[in-house]
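*Asks:* Just so it is clear, I am handing over coords26.tsv, which has TSV, N, CA and C atoms.
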chain	number	residue	atom	x	y	z
H	29	MET	N	-177.58	187.93	-41.32
H	29	MET	CA	-176.82	186.84	-41.88
H	29	MET	C	-175.35	187.08	-41.58
H	30	ARG	N	-174.67	186.06	-41.04
H	30	ARG	CA	-173.27	186.28	-40.71
H	30	ARG	C	-172.39	186.11	-41.95
H	31	LYS	N	-171.28	186.79	-41.93
H	31	LYS	CA	-170.37	186.76	-43.07
H	31	LYS	C	-169.31	185.69	-42.86
H	32	TYR	N	-168.93	185.04	-43.95
H	32	TYR	CA	-167.87	184.04	-43.94
H	32	TYR	C	-166.71	184.55	-44.78
H	33	PRO	N	-165.48	184.21	-44.39
H	33	PRO	CA	-164.36	184.55	-45.26
H	33	PRO	C	-164.44	183.77	-46.56
H	34	SER	N	-163.88	184.32	-47.62
H	34	SER	CA	-163.96	183.69	-48.95
H	34	SER	C	-163.45	182.26	-48.94
H	35	GLY	N	-162.34	182.01	-48.23
H	35	GLY	CA	-161.77	180.66	-48.19
H	35	GLY	C	-162.75	179.65	-47.62
H	36	LYS	N	-163.48	180.05	-46.59
H	36	LYS	CA	-164.46	179.14	-45.98
H	36	LYS	C	-165.62	178.88	-46.94
H	37	ILE	N	-166.05	179.91	-47.63
H	37	ILE	CA	-167.14	179.74	-48.60
H	37	ILE	C	-166.71	178.80	-49.72
H	38	ILE	N	-165.48	178.98	-50.19
H	38	ILE	CA	-164.98	178.11	-51.26
H	38	ILE	C	-164.93	176.67	-50.79
H	39	LYS	N	-164.47	176.45	-49.55
H	39	LYS	CA	-164.45	175.09	-49.01
H	39	LYS	C	-165.86	174.49	-48.91
H	40	MET	N	-166.81	175.31	-48.48
H	40	MET	CA	-168.19	174.85	-48.39
H	40	MET	C	-168.75	174.49	-49.76
H	41	LEU	N	-168.48	175.33	-50.75
H	41	LEU	CA	-168.95	175.06	-52.10
H	41	LEU	C	-168.27	173.82	-52.68
H	42	HIS	N	-166.98	173.68	-52.41
H	42	HIS	CA	-166.25	172.51	-52.89
H	42	HIS	C	-166.85	171.24	-52.28
H	43	GLY	N	-167.16	171.29	-50.99
H	43	GLY	CA	-167.80	170.15	-50.34
H	43	GLY	C	-169.14	169.82	-50.98
H	44	SER	N	-169.90	170.85	-51.33
H	44	SER	CA	-171.19	170.64	-52.00
H	44	SER	C	-171.00	170.01	-53.37
H	45	PHE	N	-169.97	170.47	-54.09
H	45	PHE	CA	-169.68	169.93	-55.41
H	45	PHE	C	-169.33	168.45	-55.32
H	46	VAL	N	-168.44	168.10	-54.39
H	46	VAL	CA	-168.04	166.70	-54.21
H	46	VAL	C	-169.25	165.86	-53.81
H	47	PHE	N	-170.08	166.40	-52.92
H	47	PHE	CA	-171.28	165.68	-52.49
H	47	PHE	C	-172.20	165.40	-53.67
H	48	GLU	N	-172.43	166.40	-54.52
H	48	GLU	CA	-173.29	166.23	-55.69
H	48	GLU	C	-172.78	165.11	-56.59
H	49	GLU	N	-171.48	165.14	-56.91
H	49	GLU	CA	-170.93	164.14	-57.82
H	49	GLU	C	-170.92	162.75	-57.19
H	50	LYS	N	-170.50	162.66	-55.93
H	50	LYS	CA	-170.44	161.36	-55.27
H	50	LYS	C	-171.84	160.77	-55.13
H	51	THR	N	-172.77	161.58	-54.72
H	51	THR	CA	-174.15	161.12	-54.57
H	51	THR	C	-174.71	160.63	-55.89
H	52	LEU	N	-174.42	161.37	-56.95
H	52	LEU	CA	-174.91	161.00	-58.28
H	52	LEU	C	-174.43	159.61	-58.67
H	53	PHE	N	-173.14	159.38	-58.57
H	53	PHE	CA	-172.61	158.09	-59.02
H	53	PHE	C	-173.01	156.95	-58.09
H	54	ASP	N	-173.08	157.21	-56.79
H	54	ASP	CA	-173.56	156.18	-55.86
H	54	ASP	C	-175.00	155.82	-56.16
H	55	PHE	N	-175.82	156.84	-56.42
H	55	PHE	CA	-177.23	156.62	-56.72
H	55	PHE	C	-177.40	155.83	-58.01
H	56	GLN	N	-176.68	156.24	-59.06
H	56	GLN	CA	-176.76	155.54	-60.34
H	56	GLN	C	-176.36	154.07	-60.17
H	57	TYR	N	-175.27	153.84	-59.47
H	57	TYR	CA	-174.78	152.48	-59.26
H	57	TYR	C	-175.83	151.65	-58.52
H	58	ASP	N	-176.39	152.20	-57.44
H	58	ASP	CA	-177.41	151.49	-56.67
H	58	ASP	C	-178.65	151.19	-57.52
H	59	CYS	N	-179.08	152.17	-58.31
H	59	CYS	CA	-180.28	151.97	-59.14
H	59	CYS	C	-180.06	150.84	-60.14
H	60	TYR	N	-178.94	150.88	-60.84
H	60	TYR	CA	-178.67	149.83	-61.82
H	60	TYR	C	-178.48	148.48	-61.15
H	61	ALA	N	-177.85	148.46	-59.98
H	61	ALA	CA	-177.62	147.19	-59.27
H	61	ALA	C	-178.94	146.58	-58.80
H	62	LYS	N	-179.92	147.41	-58.48
H	62	LYS	CA	-181.18	146.92	-57.94
H	62	LYS	C	-182.23	146.63	-59.02
H	63	LEU	N	-181.91	146.89	-60.27
H	63	LEU	CA	-182.88	146.60	-61.33
H	63	LEU	C	-183.08	145.09	-61.44
H	64	PRO	N	-184.33	144.69	-61.59
H	64	PRO	CA	-184.54	143.26	-61.79
H	64	PRO	C	-183.96	142.84	-63.14
H	65	GLY	N	-183.50	141.63	-63.22
H	65	GLY	CA	-182.87	141.15	-64.45
H	65	GLY	C	-183.84	140.84	-65.57
H	66	SER	N	-185.13	140.95	-65.30
H	66	SER	CA	-186.12	140.55	-66.30
H	66	SER	C	-186.84	141.73	-66.95
H	67	LEU	N	-186.18	142.87	-67.07
H	67	LEU	CA	-186.82	144.01	-67.73
H	67	LEU	C	-186.82	143.78	-69.24
H	68	ASN	N	-187.94	144.14	-69.86
H	68	ASN	CA	-187.95	144.07	-71.32
H	68	ASN	C	-187.28	145.32	-71.88
H	69	LYS	N	-187.09	145.38	-73.18
H	69	LYS	CA	-186.36	146.49	-73.81
H	69	LYS	C	-187.03	147.83	-73.54
H	70	LYS	N	-188.37	147.86	-73.58
H	70	LYS	CA	-189.09	149.11	-73.37
H	70	LYS	C	-188.89	149.60	-71.93
H	71	GLU	N	-188.98	148.70	-70.95
H	71	GLU	CA	-188.79	149.07	-69.55
H	71	GLU	C	-187.35	149.53	-69.30
H	72	LEU	N	-186.40	148.83	-69.88
H	72	LEU	CA	-185.00	149.20	-69.70
H	72	LEU	C	-184.71	150.56	-70.33
H	73	LYS	N	-185.29	150.81	-71.49
H	73	LYS	CA	-185.10	152.09	-72.17
H	73	LYS	C	-185.68	153.23	-71.33
H	74	ARG	N	-186.86	153.02	-70.77
H	74	ARG	CA	-187.49	154.05	-69.95
H	74	ARG	C	-186.70	154.28	-68.66
H	75	THR	N	-186.23	153.23	-68.05
H	75	THR	CA	-185.42	153.34	-66.84
H	75	THR	C	-184.14	154.12	-67.13
H	76	LYS	N	-183.49	153.77	-68.22
H	76	LYS	CA	-182.26	154.47	-68.60
H	76	LYS	C	-182.52	155.95	-68.86
H	77	MET	N	-183.64	156.26	-69.51
H	77	MET	CA	-183.99	157.65	-69.78
H	77	MET	C	-184.18	158.43	-68.47
H	78	ILE	N	-184.86	157.83	-67.50
H	78	ILE	CA	-185.09	158.49	-66.22
H	78	ILE	C	-183.76	158.73	-65.49
H	79	LEU	N	-182.93	157.69	-65.44
H	79	LEU	CA	-181.64	157.82	-64.75
H	79	LEU	C	-180.72	158.81	-65.45
H	80	ASP	N	-180.75	158.82	-66.78
H	80	ASP	CA	-179.94	159.78	-67.53
H	80	ASP	C	-180.40	161.22	-67.27
H	81	THR	N	-181.72	161.41	-67.19
H	81	THR	CA	-182.27	162.74	-66.90
H	81	THR	C	-181.82	163.20	-65.52
H	82	MET	N	-181.88	162.29	-64.56
H	82	MET	CA	-181.43	162.63	-63.21
H	82	MET	C	-179.94	162.96	-63.20
H	83	MET	N	-179.17	162.24	-63.99
H	83	MET	CA	-177.74	162.51	-64.06
H	83	MET	C	-177.47	163.90	-64.62
H	84	VAL	N	-178.17	164.25	-65.68
H	84	VAL	CA	-177.98	165.57	-66.29
H	84	VAL	C	-178.36	166.68	-65.30
H	85	GLN	N	-179.45	166.50	-64.58
H	85	GLN	CA	-179.87	167.51	-63.61
H	85	GLN	C	-178.84	167.65	-62.49
H	86	THR	N	-178.32	166.54	-62.01
H	86	THR	CA	-177.33	166.60	-60.95
H	86	THR	C	-176.03	167.22	-61.45
H	87	LEU	N	-175.63	166.89	-62.67
H	87	LEU	CA	-174.43	167.50	-63.24
H	87	LEU	C	-174.63	169.00	-63.44
H	88	ASN	N	-175.86	169.41	-63.76
H	88	ASN	CA	-176.15	170.85	-63.86
H	88	ASN	C	-175.96	171.52	-62.49
H	89	HIS	N	-176.42	170.86	-61.42
H	89	HIS	CA	-176.22	171.40	-60.08
H	89	HIS	C	-174.73	171.52	-59.77
H	90	ALA	N	-173.98	170.47	-60.09
H	90	ALA	CA	-172.53	170.49	-59.85
H	90	ALA	C	-171.87	171.60	-60.67
H	91	ASN	N	-172.36	171.82	-61.89
H	91	ASN	CA	-171.81	172.88	-62.74
H	91	ASN	C	-172.09	174.26	-62.15
H	92	ILE	N	-173.27	174.46	-61.60
H	92	ILE	CA	-173.61	175.73	-60.96
H	92	ILE	C	-172.66	175.98	-59.79
H	93	ILE	N	-172.43	174.94	-59.00
H	93	ILE	CA	-171.53	175.08	-57.84
H	93	ILE	C	-170.11	175.38	-58.31
H	94	SER	N	-169.65	174.69	-59.35
H	94	SER	CA	-168.28	174.95	-59.84
H	94	SER	C	-168.16	176.37	-60.39
H	95	ASP	N	-169.22	176.88	-61.01
H	95	ASP	CA	-169.21	178.27	-61.48
H	95	ASP	C	-169.10	179.24	-60.31
H	96	LEU	N	-169.81	178.96	-59.23
H	96	LEU	CA	-169.73	179.80	-58.04
H	96	LEU	C	-168.31	179.79	-57.46
H	97	ILE	N	-167.71	178.61	-57.43
H	97	ILE	CA	-166.33	178.50	-56.92
H	97	ILE	C	-165.39	179.34	-57.78
H	98	ALA	N	-165.53	179.24	-59.09
H	98	ALA	CA	-164.68	180.01	-60.00
H	98	ALA	C	-164.87	181.51	-59.79
H	99	LYS	N	-166.11	181.95	-59.59
H	99	LYS	CA	-166.37	183.37	-59.37
H	99	LYS	C	-165.75	183.85	-58.06
H	100	PHE	N	-165.81	183.01	-57.02
H	100	PHE	CA	-165.18	183.38	-55.76
H	100	PHE	C	-163.67	183.50	-55.92
H	101	TYR	N	-163.07	182.56	-56.65
H	101	TYR	CA	-161.63	182.64	-56.90
H	101	TYR	C	-161.29	183.91	-57.66
H	102	GLU	N	-162.07	184.24	-58.68
H	102	GLU	CA	-161.81	185.44	-59.46
H	102	GLU	C	-161.93	186.69	-58.59
H	103	ARG	N	-162.97	186.73	-57.79
H	103	ARG	CA	-163.19	187.89	-56.92
H	103	ARG	C	-162.07	188.03	-55.89
H	104	THR	N	-161.64	186.89	-55.35
H	104	THR	CA	-160.55	186.91	-54.36
H	104	THR	C	-159.25	187.34	-55.02
H	105	ALA	N	-159.00	186.86	-56.24
H	105	ALA	CA	-157.77	187.22	-56.95
H	105	ALA	C	-157.74	188.72	-57.26
H	106	LYS	N	-158.89	189.31	-57.57
H	106	LYS	CA	-158.95	190.74	-57.89
H	106	LYS	C	-158.64	191.58	-56.65
H	107	LYS	N	-159.00	191.06	-55.47
H	107	LYS	CA	-158.75	191.81	-54.23
H	107	LYS	C	-157.28	191.77	-53.86
H	108	LEU	N	-156.56	190.76	-54.33
H	108	LEU	CA	-155.14	190.64	-53.98
H	108	LEU	C	-154.33	191.56	-54.78
Show me, as structure tokens, the structure contained in the file I just sent.

*Replies:*
Amino acid sequence: MRKYPSGKIIKMLHGSFVFEEKTLFDFQYDCYAKLPGSLNKKELKRTKMILDTMMVQTLNHANIISDLIAKFYERTAKKL
């Protein structure tokens, strides 16, 4: 496995973080925009629950990436 400098790894992780968040909001917007207007309350509640669950999972992924970025910054700062 080849080694990357810390700065490059941080940039890669930052790109992943931005991708996660942007994809999440684009996906949510598309899903809500494509919902038929004739959903009953039960269907709408279930749809919202599914989309909310997906949002939480994606935000968890983004949080993991942000934690990795913070750890790289801490490790880099200790070396300086």

*Asks:* Using only N, CA and C atoms, list the residues that have an atom at most 8 Å from (-167.9, 178.7, -52.9), coordinates as in the file, as an MDAnalysis selection string.

*Replies:* chainID H and resid 34:43 93:101

*Asks:* Have a look at atom N of Phe47 of chain H and atom N of Thr75 of chain H and let me know their distance in Å, one decimal.

*Replies:*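 Atom-to-atom, atom N of Phe47 of chain H to atom N of Thr75 of chain H, that is 25.8 Å.
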
*Asks:* To one decimal in Å, tell me the separation between atom N of Tyr60 of chain H and atom C of Leu87 of chain H.

*Replies:* 18.8 Å

*Asks:* What is the atom N of Asn68 of chain H-atom CA of Asp80 of chain H distance in Å, reported with one decimal?

*Replies:*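 The value is 17.7 Å.
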
*Asks:* Find the residue from H:Ile78, H:Glu102, H:Met83, H:Lys73 that sits nearest to Phe53 of chain H; use all atoms listed in the file when measuring.

*Replies:* H:Met83

*Asks:* Kindly provide, as AutoDock Vina command-line options, the centre and edge lengths (Å, one decimal) of an axis-aligned box around all atoms of segment 81-96 of chain H given in the file, with 4 Å on each side.

*Replies:*
--center_x -175.2 --center_y 170.6 --center_z -62.3 --size_x 22.1 --size_y 26.4 --size_z 17.7

*Asks:* Nearest to Glu48 of chain H among H:Thr86, H:Arg103, H:Met77, H:Asn91, with distances taken over only C-alpha atoms: which residue is it?

*Replies:*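 Smallest distance to Glu48 of chain H is found for H:Thr86.
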
*Asks:* Pull N, CA, C and O atoms for segment 48-75 of chain H from the block and write them as a PDB file, in the first residue's frame.

*Replies:*
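Produced file result-v4.pdb, reproduced below:
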ATOM      1  N   GLU H  48     -20.585  13.105   0.973  1.00  0.00           N
ATOM      2  CA  GLU H  48     -21.633  12.506   1.815  1.00  0.00           C
ATOM      3  C   GLU H  48     -22.766  13.503   2.066  1.00  0.00           C
ATOM      4  O   GLU H  48     -23.933  13.186   1.906  1.00  0.00           O
ATOM      5  N   GLU H  49     -22.401  14.726   2.480  1.00  0.00           N
ATOM      6  CA  GLU H  49     -23.432  15.709   2.810  1.00  0.00           C
ATOM      7  C   GLU H  49     -24.200  16.159   1.572  1.00  0.00           C
ATOM      8  O   GLU H  49     -25.411  16.258   1.596  1.00  0.00           O
ATOM      9  N   LYS H  50     -23.486  16.435   0.487  1.00  0.00           N
ATOM     10  CA  LYS H  50     -24.147  16.898  -0.731  1.00  0.00           C
ATOM     11  C   LYS H  50     -25.067  15.810  -1.286  1.00  0.00           C
ATOM     12  O   LYS H  50     -26.205  16.077  -1.663  1.00  0.00           O
ATOM     13  N   THR H  51     -24.578  14.600  -1.309  1.00  0.00           N
ATOM     14  CA  THR H  51     -25.384  13.487  -1.810  1.00  0.00           C
ATOM     15  C   THR H  51     -26.636  13.301  -0.969  1.00  0.00           C
ATOM     16  O   THR H  51     -27.724  13.063  -1.494  1.00  0.00           O
ATOM     17  N   LEU H  52     -26.482  13.416   0.335  1.00  0.00           N
ATOM     18  CA  LEU H  52     -27.616  13.262   1.245  1.00  0.00           C
ATOM     19  C   LEU H  52     -28.718  14.264   0.927  1.00  0.00           C
ATOM     20  O   LEU H  52     -29.877  13.894   0.733  1.00  0.00           O
ATOM     21  N   PHE H  53     -28.361  15.526   0.847  1.00  0.00           N
ATOM     22  CA  PHE H  53     -29.387  16.549   0.635  1.00  0.00           C
ATOM     23  C   PHE H  53     -29.970  16.490  -0.775  1.00  0.00           C
ATOM     24  O   PHE H  53     -31.168  16.689  -0.956  1.00  0.00           O
ATOM     25  N   ASP H  54     -29.137  16.176  -1.764  1.00  0.00           N
ATOM     26  CA  ASP H  54     -29.653  16.014  -3.128  1.00  0.00           C
ATOM     27  C   ASP H  54     -30.631  14.850  -3.192  1.00  0.00           C
ATOM     28  O   ASP H  54     -31.695  14.935  -3.801  1.00  0.00           O
ATOM     29  N   PHE H  55     -30.271  13.752  -2.527  1.00  0.00           N
ATOM     30  CA  PHE H  55     -31.129  12.570  -2.519  1.00  0.00           C
ATOM     31  C   PHE H  55     -32.457  12.852  -1.824  1.00  0.00           C
ATOM     32  O   PHE H  55     -33.525  12.513  -2.335  1.00  0.00           O
ATOM     33  N   GLN H  56     -32.382  13.490  -0.649  1.00  0.00           N
ATOM     34  CA  GLN H  56     -33.603  13.823   0.090  1.00  0.00           C
ATOM     35  C   GLN H  56     -34.516  14.715  -0.758  1.00  0.00           C
ATOM     36  O   GLN H  56     -35.717  14.500  -0.837  1.00  0.00           O
ATOM     37  N   TYR H  57     -33.932  15.725  -1.376  1.00  0.00           N
ATOM     38  CA  TYR H  57     -34.706  16.657  -2.193  1.00  0.00           C
ATOM     39  C   TYR H  57     -35.378  15.910  -3.347  1.00  0.00           C
ATOM     40  O   TYR H  57     -36.575  16.093  -3.603  1.00  0.00           O
ATOM     41  N   ASP H  58     -34.618  15.063  -4.043  1.00  0.00           N
ATOM     42  CA  ASP H  58     -35.180  14.298  -5.158  1.00  0.00           C
ATOM     43  C   ASP H  58     -36.295  13.372  -4.701  1.00  0.00           C
ATOM     44  O   ASP H  58     -37.321  13.244  -5.375  1.00  0.00           O
ATOM     45  N   CYS H  59     -36.092  12.705  -3.571  1.00  0.00           N
ATOM     46  CA  CYS H  59     -37.117  11.772  -3.072  1.00  0.00           C
ATOM     47  C   CYS H  59     -38.417  12.511  -2.758  1.00  0.00           C
ATOM     48  O   CYS H  59     -39.491  12.070  -3.152  1.00  0.00           O
ATOM     49  N   TYR H  60     -38.309  13.608  -2.036  1.00  0.00           N
ATOM     50  CA  TYR H  60     -39.515  14.359  -1.689  1.00  0.00           C
ATOM     51  C   TYR H  60     -40.159  14.956  -2.927  1.00  0.00           C
ATOM     52  O   TYR H  60     -41.382  14.995  -3.045  1.00  0.00           O
ATOM     53  N   ALA H  61     -39.360  15.408  -3.884  1.00  0.00           N
ATOM     54  CA  ALA H  61     -39.905  16.004  -5.112  1.00  0.00           C
ATOM     55  C   ALA H  61     -40.645  14.968  -5.953  1.00  0.00           C
ATOM     56  O   ALA H  61     -41.619  15.292  -6.636  1.00  0.00           O
ATOM     57  N   LYS H  62     -40.204  13.713  -5.895  1.00  0.00           N
ATOM     58  CA  LYS H  62     -40.797  12.669  -6.727  1.00  0.00           C
ATOM     59  C   LYS H  62     -41.958  11.935  -6.050  1.00  0.00           C
ATOM     60  O   LYS H  62     -42.565  11.058  -6.665  1.00  0.00           O
ATOM     61  N   LEU H  63     -42.254  12.276  -4.812  1.00  0.00           N
ATOM     62  CA  LEU H  63     -43.377  11.623  -4.136  1.00  0.00           C
ATOM     63  C   LEU H  63     -44.682  12.011  -4.826  1.00  0.00           C
ATOM     64  O   LEU H  63     -44.883  13.173  -5.179  1.00  0.00           O
ATOM     65  N   PRO H  64     -45.541  11.024  -5.014  1.00  0.00           N
ATOM     66  CA  PRO H  64     -46.841  11.380  -5.578  1.00  0.00           C
ATOM     67  C   PRO H  64     -47.627  12.232  -4.577  1.00  0.00           C
ATOM     68  O   PRO H  64     -47.471  12.090  -3.366  1.00  0.00           O
ATOM     69  N   GLY H  65     -48.438  13.117  -5.075  1.00  0.00           N
ATOM     70  CA  GLY H  65     -49.188  14.013  -4.208  1.00  0.00           C
ATOM     71  C   GLY H  65     -50.347  13.360  -3.492  1.00  0.00           C
ATOM     72  O   GLY H  65     -50.999  13.973  -2.654  1.00  0.00           O
ATOM     73  N   SER H  66     -50.616  12.108  -3.788  1.00  0.00           N
ATOM     74  CA  SER H  66     -51.804  11.461  -3.222  1.00  0.00           C
ATOM     75  C   SER H  66     -51.473  10.430  -2.141  1.00  0.00           C
ATOM     76  O   SER H  66     -52.203   9.457  -1.983  1.00  0.00           O
ATOM     77  N   LEU H  67     -50.394  10.629  -1.402  1.00  0.00           N
ATOM     78  CA  LEU H  67     -50.079   9.697  -0.322  1.00  0.00           C
ATOM     79  C   LEU H  67     -51.010   9.957   0.858  1.00  0.00           C
ATOM     80  O   LEU H  67     -51.290  11.105   1.204  1.00  0.00           O
ATOM     81  N   ASN H  68     -51.462   8.867   1.471  1.00  0.00           N
ATOM     82  CA  ASN H  68     -52.252   9.055   2.685  1.00  0.00           C
ATOM     83  C   ASN H  68     -51.299   9.271   3.858  1.00  0.00           C
ATOM     84  O   ASN H  68     -50.083   9.181   3.718  1.00  0.00           O
ATOM     85  N   LYS H  69     -51.838   9.574   5.025  1.00  0.00           N
ATOM     86  CA  LYS H  69     -51.007   9.902   6.192  1.00  0.00           C
ATOM     87  C   LYS H  69     -50.079   8.760   6.568  1.00  0.00           C
ATOM     88  O   LYS H  69     -48.920   8.979   6.918  1.00  0.00           O
ATOM     89  N   LYS H  70     -50.583   7.525   6.497  1.00  0.00           N
ATOM     90  CA  LYS H  70     -49.774   6.364   6.874  1.00  0.00           C
ATOM     91  C   LYS H  70     -48.596   6.204   5.909  1.00  0.00           C
ATOM     92  O   LYS H  70     -47.464   5.960   6.338  1.00  0.00           O
ATOM     93  N   GLU H  71     -48.845   6.338   4.606  1.00  0.00           N
ATOM     94  CA  GLU H  71     -47.788   6.218   3.606  1.00  0.00           C
ATOM     95  C   GLU H  71     -46.756   7.344   3.754  1.00  0.00           C
ATOM     96  O   GLU H  71     -45.557   7.101   3.670  1.00  0.00           O
ATOM     97  N   LEU H  72     -47.233   8.544   3.991  1.00  0.00           N
ATOM     98  CA  LEU H  72     -46.328   9.677   4.157  1.00  0.00           C
ATOM     99  C   LEU H  72     -45.471   9.513   5.410  1.00  0.00           C
ATOM    100  O   LEU H  72     -44.265   9.785   5.388  1.00  0.00           O
ATOM    101  N   LYS H  73     -46.075   9.019   6.482  1.00  0.00           N
ATOM    102  CA  LYS H  73     -45.339   8.799   7.729  1.00  0.00           C
ATOM    103  C   LYS H  73     -44.248   7.745   7.522  1.00  0.00           C
ATOM    104  O   LYS H  73     -43.115   7.924   7.970  1.00  0.00           O
ATOM    105  N   ARG H  74     -44.589   6.669   6.827  1.00  0.00           N
ATOM    106  CA  ARG H  74     -43.610   5.605   6.581  1.00  0.00           C
ATOM    107  C   ARG H  74     -42.487   6.098   5.668  1.00  0.00           C
ATOM    108  O   ARG H  74     -41.312   5.822   5.912  1.00  0.00           O
ATOM    109  N   THR H  75     -42.829   6.854   4.651  1.00  0.00           N
ATOM    110  CA  THR H  75     -41.826   7.417   3.749  1.00  0.00           C
ATOM    111  C   THR H  75     -40.886   8.339   4.504  1.00  0.00           C
ATOM    112  O   THR H  75     -39.664   8.274   4.346  1.00  0.00           O
TER     113      THR H  75
END
